[in-house]
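Chemist: Have a look at this one before I ask anything.
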Amino acid sequence: MLTMYLPSSAKQTFVKGEVALVGTGPGDPDLLTLQAYRFIQQADIVIYDRLVSKEIMALVDESAERIYVGKKQAQHRVPQEGINQLLVDHAKLSKKVVRLKGGDPFVFGRGGEEAQFLLANNVACHIVPGMTAASACTSYVGIPLTHRQVSQSCTFITGHVKDCGELDLPWHSLKDEKQTVVFYMGIKSLPMITKRLIEAGRSANTPAALIHKGTTPEQKVYHGNLESLEAMVEEYQIKPPTLIVIGDVVQTFDEGQLAGIGYLAP
């Protein structure tokens with residue numbers, strides 16, 4: 001039981017005036033670490049992102065203040081600089097500040113930037129890992145990121161384009177058929193992704209999948225190939241948050257064997 005969990009004496013104590021950067025995983029509260037739960041329970045104030053699920057927010061003590069700083073593509077409720085300053089300001093009010101992030105704070109979560117800003121302003125911070133979407137969502141739909149004799153490596157990539165509208169990536173390094181490629185936040189730039197990968201030499205018939213709201217009750221997975229991804233998005237009106245998975249591992253299990261969220265059956 002979580003209530004019986006006693007932290008190791010080697011763990012640092014969370015004290016007032018500090019910040020905890022806590023990864024909450026992709027949504028399912030069952031995937032929270034015990035460490036994340038422990039910090040959430042101690043929070044005086046919680047500053048949280050859009051992808052932190054309501055089930056996880058329900059674990060926050062009623063007495064804790066909540067500040068929403070969620071972001072959508074090109075729509076930032078609070079700019080990153082403002083979030084950084086919020087963390088510092090509330091820590092210096094002698095509060096236990098918990099910064100809740102979807103996934104892992106150090107995987108496309110800007111946790112590194114926030115930690116640097118905190119330290120530059122003489123605020124100590126705890127780093128609490130969370131399950132990143134690439135591993136959690138693929139597992140919940142029966143896609144192993146690596147599989148012997150099929151895929152010996154996997155690469156995680158952000159699909160956000162630059163201000164100039166380009167996605168500057170080493171495309172030729174992604175053409176290996178025994179490499180799984182996972183794009184975060186790539187629905188908007190999907191036409192560019194598929195075009196560049198095919199031009200770089202990745203087969204248009206490479207198995208691919210789209211995982212929408214993985215690990216949540218709204219989870220849906222769409223199977224196709226690299227060439228058909230764009231049409232699938234149009235046909236099913238797929239919106240973010242959606243993970244893009246490309247590689248032969250996508251067809252490891254038959255679609256009919258996925259009998260539930262994270263449940264395979266004969």
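Ordering of the structure tokens sets the chain letters (A, B, ...); residue numbers start at 1 within each chain; ligands are numbered from 1 in the order shown.
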I want to know what sits within 9 Å of Gln179 in chain A, based on only C-alpha atoms, with residues of the same chain fewer than 2 positions away left out; could you give that as number ranges by chain?

Modeler: A: 145-146, 150-155, 174-177, 181, 246-248

Chemist: Please provide the set of residues having any atom within 9 Å of range 213-226 of chain A, restricted to only C-alpha atoms, with same-chain residues fewer than 2 positions apart removed, written as a short mmCIF file (atom, residue, chain, number, x, y, z; two decimals) with N, CA and C atoms, in the first residue's frame.

Modeler:
```cif
data_model
loop_
_atom_site.label_atom_id
_atom_site.label_comp_id
_atom_site.auth_asym_id
_atom_site.auth_seq_id
_atom_site.Cartn_x
_atom_site.Cartn_y
_atom_site.Cartn_z
N PRO A 26 2.51 9.38 -18.78
CA PRO A 26 1.59 9.85 -19.82
C PRO A 26 0.12 9.93 -19.43
N GLY A 27 -0.22 9.65 -18.18
CA GLY A 27 -1.62 9.85 -17.78
C GLY A 27 -2.17 8.86 -16.78
N ASP A 28 -1.86 7.58 -16.93
CA ASP A 28 -2.38 6.57 -16.03
C ASP A 28 -1.73 6.72 -14.65
N LEU A 31 0.96 4.38 -13.22
CA LEU A 31 2.34 4.43 -13.68
C LEU A 31 3.18 5.45 -12.92
N SER A 53 -2.83 14.32 -15.97
CA SER A 53 -4.23 13.88 -15.98
C SER A 53 -4.99 14.32 -14.74
N ALA A 133 6.46 8.93 -22.58
CA ALA A 133 5.39 8.40 -23.42
C ALA A 133 5.86 7.31 -24.37
N ALA A 136 5.96 4.01 -22.28
CA ALA A 136 4.70 3.64 -21.64
C ALA A 136 3.58 3.40 -22.67
N CYS A 137 3.43 4.33 -23.62
CA CYS A 137 2.33 4.21 -24.58
C CYS A 137 2.52 3.02 -25.52
N THR A 138 3.76 2.81 -25.97
CA THR A 138 3.99 1.67 -26.86
C THR A 138 3.76 0.35 -26.14
N TYR A 140 1.68 -0.17 -23.71
CA TYR A 140 0.23 -0.32 -23.48
C TYR A 140 -0.52 -0.71 -24.75
N VAL A 141 0.09 -0.56 -25.92
CA VAL A 141 -0.58 -1.01 -27.15
C VAL A 141 0.13 -2.21 -27.77
N THR A 194 7.14 12.18 -42.91
CA THR A 194 7.05 11.04 -43.83
C THR A 194 7.82 11.30 -45.12
N LEU A 197 11.70 11.12 -44.39
CA LEU A 197 12.17 9.76 -44.10
C LEU A 197 12.22 8.91 -45.36
N ILE A 198 11.22 9.03 -46.22
CA ILE A 198 11.19 8.26 -47.47
C ILE A 198 12.31 8.73 -48.40
N ARG A 202 14.16 5.40 -46.08
CA ARG A 202 13.29 4.51 -45.31
C ARG A 202 12.14 4.07 -46.21
N SER A 203 11.87 2.78 -46.24
CA SER A 203 10.82 2.25 -47.13
C SER A 203 9.47 2.85 -46.79
N ALA A 204 8.71 3.20 -47.83
CA ALA A 204 7.36 3.73 -47.63
C ALA A 204 6.45 2.69 -46.99
N ASN A 205 6.82 1.40 -47.11
CA ASN A 205 6.01 0.32 -46.54
C ASN A 205 6.41 -0.02 -45.10
N THR A 206 7.31 0.73 -44.51
CA THR A 206 7.70 0.47 -43.12
C THR A 206 6.47 0.54 -42.22
N PRO A 207 6.21 -0.49 -41.41
CA PRO A 207 5.06 -0.45 -40.50
C PRO A 207 5.13 0.78 -39.59
N ALA A 208 3.97 1.34 -39.30
CA ALA A 208 3.92 2.54 -38.46
C ALA A 208 2.61 2.55 -37.69
N ALA A 209 2.60 3.28 -36.60
CA ALA A 209 1.39 3.38 -35.78
C ALA A 209 1.27 4.77 -35.20
N LEU A 210 0.03 5.17 -34.93
CA LEU A 210 -0.28 6.40 -34.23
C LEU A 210 -0.98 6.03 -32.94
N ILE A 211 -0.47 6.52 -31.81
CA ILE A 211 -1.07 6.21 -30.51
C ILE A 211 -1.62 7.50 -29.92
N SER A 228 1.15 5.76 -45.36
CA SER A 228 -0.28 5.96 -45.12
C SER A 228 -0.59 6.82 -43.90
N LEU A 229 0.42 7.20 -43.14
CA LEU A 229 0.16 7.92 -41.89
C LEU A 229 -0.63 9.21 -42.09
N GLU A 230 -0.24 9.99 -43.07
CA GLU A 230 -0.90 11.27 -43.30
C GLU A 230 -2.38 11.08 -43.62
N MET A 232 -4.23 8.57 -42.71
CA MET A 232 -4.90 8.10 -41.50
C MET A 232 -5.29 9.26 -40.59
N PRO A 240 -3.47 15.94 -31.48
CA PRO A 240 -2.56 15.74 -30.36
C PRO A 240 -3.37 15.53 -29.07
N PRO A 241 -2.80 14.87 -28.07
CA PRO A 241 -1.46 14.28 -28.03
C PRO A 241 -1.45 12.90 -28.69
N THR A 242 -0.61 12.75 -29.68
CA THR A 242 -0.49 11.49 -30.41
C THR A 242 0.98 11.19 -30.67
N LEU A 243 1.36 9.97 -30.37
CA LEU A 243 2.73 9.51 -30.56
C LEU A 243 2.83 8.80 -31.92
N ILE A 246 7.47 4.34 -35.75
CA ILE A 246 7.84 3.86 -37.08
C ILE A 246 8.87 2.75 -36.94
N GLY A 247 8.58 1.60 -37.52
CA GLY A 247 9.52 0.48 -37.46
C GLY A 247 8.80 -0.86 -37.49
N VAL A 250 6.22 -2.52 -34.91
CA VAL A 250 4.79 -2.20 -34.87
C VAL A 250 3.93 -3.44 -35.13
N GLN A 251 4.45 -4.37 -35.94
CA GLN A 251 3.66 -5.55 -36.29
C GLN A 251 4.09 -6.80 -35.50
N GLU A 255 -3.20 -7.16 -34.26
CA GLU A 255 -4.06 -6.17 -33.63
C GLU A 255 -5.11 -6.82 -32.73
N ILE A 261 -6.23 -2.16 -22.57
CA ILE A 261 -5.11 -1.24 -22.38
C ILE A 261 -4.00 -1.96 -21.62
N GLY A 262 -2.88 -2.19 -22.32
CA GLY A 262 -1.77 -2.91 -21.72
C GLY A 262 -2.06 -4.38 -21.47
#
```

Chemist: Counting only C-alpha atoms, which residue out of A:Ser189, A:Thr33, A:Asn121, A:Gln85 sits closest to His160 in chain A?

Modeler: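 For His160 in chain A, the nearest of the candidates is A:Ser189.
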
Chemist: What is the CA of His172 in chain A to CA of Ile157 in chain A distance in Å?

Modeler: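 Going from CA of His172 in chain A over to CA of Ile157 in chain A covers 14.0 Å.
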
Chemist: Rounded to one decimal place, report the CA of Val128 in chain A-CA of Val88 in chain A distance in Å.

Modeler: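 One can read the CA of Val128 in chain A to CA of Val88 in chain A distance as 17.9 Å.
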
Chemist: Counting only C-alpha atoms, which residue out of A:Gln41, A:Thr252, A:Thr158, A:Thr24 sits closest to Ser139 in chain A?

Modeler: A:Thr252

Chemist: If you run DSSP on this backbone, which residues of range 10-173 of chain A come out as strand (DSSP E), and could you give them as a PyMOL selection string?

Modeler: chain A and resi 19-23+45-48+65-68+71-72+75-76+97-101+125-128+153-158

Chemist: Under the rule that only C-alpha atoms are counted, which of A:Thr13, A:Val98, A:Gln80, A:Val69 is the nearest residue to Glu114 in chain A?

Modeler: A:Gln80

Chemist: Given the choices A:Lys71, A:Lys95, A:Arg196, A:Arg148, which gets closest to Pro170 in chain A if the distance is worked out from only C-alpha atoms?

Modeler: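 Closest to Pro170 in chain A of all the choices is A:Arg196.
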
Chemist: Name the closest residue to Val245 in chain A among the candidates A:Ile187, A:Asn84, A:Lys92, A:Ala265; distances are taken between atoms, counting only C-alpha atoms.

Modeler: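 Of all the options, A:Ile187 lies closest to Val245 in chain A.
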
Chemist: If we count only C-alpha atoms, what is near Leu21 in chain A at a cut-off of 9 Å, once residues fewer than 2 positions away on the same chain are taken out, given as a PDB file with all heavy atoms, in the first residue's frame?

Modeler:
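Written output follows (out.pdb):
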```
ATOM      1  N   VAL A  19      12.071  23.084  -4.787  1.00  0.00           N
ATOM      2  CA  VAL A  19      11.175  22.711  -5.888  1.00  0.00           C
ATOM      3  C   VAL A  19      11.424  21.256  -6.250  1.00  0.00           C
ATOM      4  O   VAL A  19      12.572  20.803  -6.285  1.00  0.00           O
ATOM      5  CB  VAL A  19      11.421  23.606  -7.130  1.00  0.00           C
ATOM      6  CG1 VAL A  19      10.576  23.145  -8.316  1.00  0.00           C
ATOM      7  CG2 VAL A  19      11.134  25.070  -6.799  1.00  0.00           C
ATOM      8  N   GLY A  23       7.950  14.023 -12.776  1.00  0.00           N
ATOM      9  CA  GLY A  23       7.373  13.415 -13.971  1.00  0.00           C
ATOM     10  C   GLY A  23       6.194  12.541 -13.590  1.00  0.00           C
ATOM     11  O   GLY A  23       6.300  11.694 -12.695  1.00  0.00           O
ATOM     12  N   VAL A  97       7.361  23.496  -3.435  1.00  0.00           N
ATOM     13  CA  VAL A  97       6.811  23.703  -4.775  1.00  0.00           C
ATOM     14  C   VAL A  97       6.970  22.421  -5.588  1.00  0.00           C
ATOM     15  O   VAL A  97       8.092  21.922  -5.754  1.00  0.00           O
ATOM     16  CB  VAL A  97       7.523  24.862  -5.500  1.00  0.00           C
ATOM     17  CG1 VAL A  97       6.896  25.097  -6.876  1.00  0.00           C
ATOM     18  CG2 VAL A  97       7.485  26.124  -4.649  1.00  0.00           C
ATOM     19  N   VAL A  98       5.857  21.902  -6.102  1.00  0.00           N
ATOM     20  CA  VAL A  98       5.902  20.726  -6.965  1.00  0.00           C
ATOM     21  C   VAL A  98       5.528  21.144  -8.378  1.00  0.00           C
ATOM     22  O   VAL A  98       4.452  21.699  -8.610  1.00  0.00           O
ATOM     23  CB  VAL A  98       4.965  19.612  -6.468  1.00  0.00           C
ATOM     24  CG1 VAL A  98       4.833  18.504  -7.510  1.00  0.00           C
ATOM     25  CG2 VAL A  98       5.493  19.021  -5.161  1.00  0.00           C
ATOM     26  N   ARG A  99       6.445  20.911  -9.275  1.00  0.00           N
ATOM     27  CA  ARG A  99       6.226  21.192 -10.705  1.00  0.00           C
ATOM     28  C   ARG A  99       5.871  19.869 -11.367  1.00  0.00           C
ATOM     29  O   ARG A  99       6.717  18.982 -11.516  1.00  0.00           O
ATOM     30  CB  ARG A  99       7.507  21.780 -11.305  1.00  0.00           C
ATOM     31  CG  ARG A  99       7.478  21.939 -12.825  1.00  0.00           C
ATOM     32  CD  ARG A  99       6.599  23.088 -13.228  1.00  0.00           C
ATOM     33  NE  ARG A  99       6.828  23.409 -14.636  1.00  0.00           N
ATOM     34  CZ  ARG A  99       5.926  23.150 -15.599  1.00  0.00           C
ATOM     35  NH1 ARG A  99       4.771  22.570 -15.311  1.00  0.00           N
ATOM     36  NH2 ARG A  99       6.212  23.476 -16.847  1.00  0.00           N
ATOM     37  N   LEU A 100       4.597  19.698 -11.727  1.00  0.00           N
ATOM     38  CA  LEU A 100       4.137  18.448 -12.324  1.00  0.00           C
ATOM     39  C   LEU A 100       4.210  18.528 -13.842  1.00  0.00           C
ATOM     40  O   LEU A 100       3.678  19.458 -14.458  1.00  0.00           O
ATOM     41  CB  LEU A 100       2.694  18.143 -11.911  1.00  0.00           C
ATOM     42  CG  LEU A 100       2.443  17.717 -10.469  1.00  0.00           C
ATOM     43  CD1 LEU A 100       0.985  17.322 -10.288  1.00  0.00           C
ATOM     44  CD2 LEU A 100       3.351  16.576 -10.065  1.00  0.00           C
ATOM     45  N   LYS A 101       4.865  17.506 -14.435  1.00  0.00           N
ATOM     46  CA  LYS A 101       5.029  17.451 -15.884  1.00  0.00           C
ATOM     47  C   LYS A 101       4.562  16.102 -16.397  1.00  0.00           C
ATOM     48  O   LYS A 101       4.797  15.068 -15.769  1.00  0.00           O
ATOM     49  CB  LYS A 101       6.508  17.623 -16.255  1.00  0.00           C
ATOM     50  CG  LYS A 101       7.083  18.982 -15.914  1.00  0.00           C
ATOM     51  CD  LYS A 101       8.576  18.993 -16.155  1.00  0.00           C
ATOM     52  CE  LYS A 101       9.123  20.399 -16.154  1.00  0.00           C
ATOM     53  NZ  LYS A 101       8.710  21.182 -17.312  1.00  0.00           N
ATOM     54  N   PRO A 105      10.450  14.672 -16.775  1.00  0.00           N
ATOM     55  CA  PRO A 105      10.834  16.083 -16.880  1.00  0.00           C
ATOM     56  C   PRO A 105      12.066  16.342 -17.741  1.00  0.00           C
ATOM     57  O   PRO A 105      12.244  17.441 -18.249  1.00  0.00           O
ATOM     58  CB  PRO A 105      11.092  16.496 -15.423  1.00  0.00           C
ATOM     59  CG  PRO A 105      11.258  15.238 -14.665  1.00  0.00           C
ATOM     60  CD  PRO A 105      10.460  14.194 -15.386  1.00  0.00           C
ATOM     61  N   GLY A 111      12.662  20.245 -18.331  1.00  0.00           N
ATOM     62  CA  GLY A 111      13.080  20.142 -16.948  1.00  0.00           C
ATOM     63  C   GLY A 111      14.498  20.628 -16.738  1.00  0.00           C
ATOM     64  O   GLY A 111      14.812  21.228 -15.701  1.00  0.00           O
ATOM     65  N   GLU A 114      14.473  24.405 -16.482  1.00  0.00           N
ATOM     66  CA  GLU A 114      13.917  24.865 -15.216  1.00  0.00           C
ATOM     67  C   GLU A 114      14.910  24.645 -14.076  1.00  0.00           C
ATOM     68  O   GLU A 114      15.075  25.504 -13.197  1.00  0.00           O
ATOM     69  CB  GLU A 114      12.587  24.164 -14.957  1.00  0.00           C
ATOM     70  CG  GLU A 114      11.512  24.605 -15.932  1.00  0.00           C
ATOM     71  CD  GLU A 114      10.211  23.844 -15.834  1.00  0.00           C
ATOM     72  OE1 GLU A 114      10.104  22.945 -14.978  1.00  0.00           O
ATOM     73  OE2 GLU A 114       9.295  24.148 -16.623  1.00  0.00           O
ATOM     74  N   ALA A 115      15.577  23.488 -14.088  1.00  0.00           N
ATOM     75  CA  ALA A 115      16.573  23.205 -13.051  1.00  0.00           C
ATOM     76  C   ALA A 115      17.725  24.213 -13.112  1.00  0.00           C
ATOM     77  O   ALA A 115      18.202  24.696 -12.077  1.00  0.00           O
ATOM     78  CB  ALA A 115      17.099  21.779 -13.198  1.00  0.00           C
ATOM     79  N   CYS A 125      16.591  21.901  -6.101  1.00  0.00           N
ATOM     80  CA  CYS A 125      15.471  21.185  -6.712  1.00  0.00           C
ATOM     81  C   CYS A 125      15.705  19.674  -6.698  1.00  0.00           C
ATOM     82  O   CYS A 125      16.836  19.200  -6.757  1.00  0.00           O
ATOM     83  CB  CYS A 125      15.212  21.669  -8.135  1.00  0.00           C
ATOM     84  SG  CYS A 125      16.581  21.444  -9.281  1.00  0.00           S
ATOM     85  N   HIS A 126      14.607  18.948  -6.610  1.00  0.00           N
ATOM     86  CA  HIS A 126      14.612  17.495  -6.696  1.00  0.00           C
ATOM     87  C   HIS A 126      14.165  17.105  -8.105  1.00  0.00           C
ATOM     88  O   HIS A 126      13.249  17.720  -8.664  1.00  0.00           O
ATOM     89  CB  HIS A 126      13.629  16.888  -5.694  1.00  0.00           C
ATOM     90  CG  HIS A 126      13.929  17.228  -4.268  1.00  0.00           C
ATOM     91  ND1 HIS A 126      14.639  16.400  -3.430  1.00  0.00           N
ATOM     92  CD2 HIS A 126      13.604  18.327  -3.523  1.00  0.00           C
ATOM     93  CE1 HIS A 126      14.738  16.950  -2.237  1.00  0.00           C
ATOM     94  NE2 HIS A 126      14.123  18.125  -2.266  1.00  0.00           N
ATOM     95  N   ILE A 127      14.780  16.078  -8.666  1.00  0.00           N
ATOM     96  CA  ILE A 127      14.393  15.573  -9.984  1.00  0.00           C
ATOM     97  C   ILE A 127      13.738  14.211  -9.778  1.00  0.00           C
ATOM     98  O   ILE A 127      14.370  13.269  -9.295  1.00  0.00           O
ATOM     99  CB  ILE A 127      15.614  15.418 -10.919  1.00  0.00           C
ATOM    100  CG1 ILE A 127      16.449  16.708 -10.936  1.00  0.00           C
ATOM    101  CG2 ILE A 127      15.143  15.037 -12.320  1.00  0.00           C
ATOM    102  CD1 ILE A 127      15.720  17.933 -11.408  1.00  0.00           C
ATOM    103  N   VAL A 128      12.468  14.107 -10.144  1.00  0.00           N
ATOM    104  CA  VAL A 128      11.712  12.880  -9.951  1.00  0.00           C
ATOM    105  C   VAL A 128      11.345  12.311 -11.331  1.00  0.00           C
ATOM    106  O   VAL A 128      10.489  12.870 -12.017  1.00  0.00           O
ATOM    107  CB  VAL A 128      10.443  13.128  -9.118  1.00  0.00           C
ATOM    108  CG1 VAL A 128       9.695  11.818  -8.871  1.00  0.00           C
ATOM    109  CG2 VAL A 128      10.804  13.790  -7.794  1.00  0.00           C
ATOM    110  N   PRO A 129      11.990  11.235 -11.766  1.00  0.00           N
ATOM    111  CA  PRO A 129      11.723  10.695 -13.101  1.00  0.00           C
ATOM    112  C   PRO A 129      10.284  10.205 -13.256  1.00  0.00           C
ATOM    113  O   PRO A 129       9.630   9.821 -12.272  1.00  0.00           O
ATOM    114  CB  PRO A 129      12.695   9.509 -13.217  1.00  0.00           C
ATOM    115  CG  PRO A 129      13.683   9.686 -12.115  1.00  0.00           C
ATOM    116  CD  PRO A 129      12.997  10.443 -11.037  1.00  0.00           C
TER     117      PRO A 129
END
```

Chemist: CA of Asp44 in chain A and CA of Ala64 in chain A are how many Å apart?

Modeler: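 Computing the Euclidean distance for CA of Asp44 in chain A and CA of Ala64 in chain A yields 4.7 Å.
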
Chemist: Of the candidates A:Leu87, A:Ala58, A:Ala134, A:Val52, which one gets nearest to Glu113 in chain A if we count only C-alpha atoms?

Modeler: A:Leu87

Chemist: Range 30-127 of chain A: which residues are alpha helix (DSSP H) by DSSP, as number ranges by chain?

Modeler: A: 34-42, 54-57, 80-91, 111-120
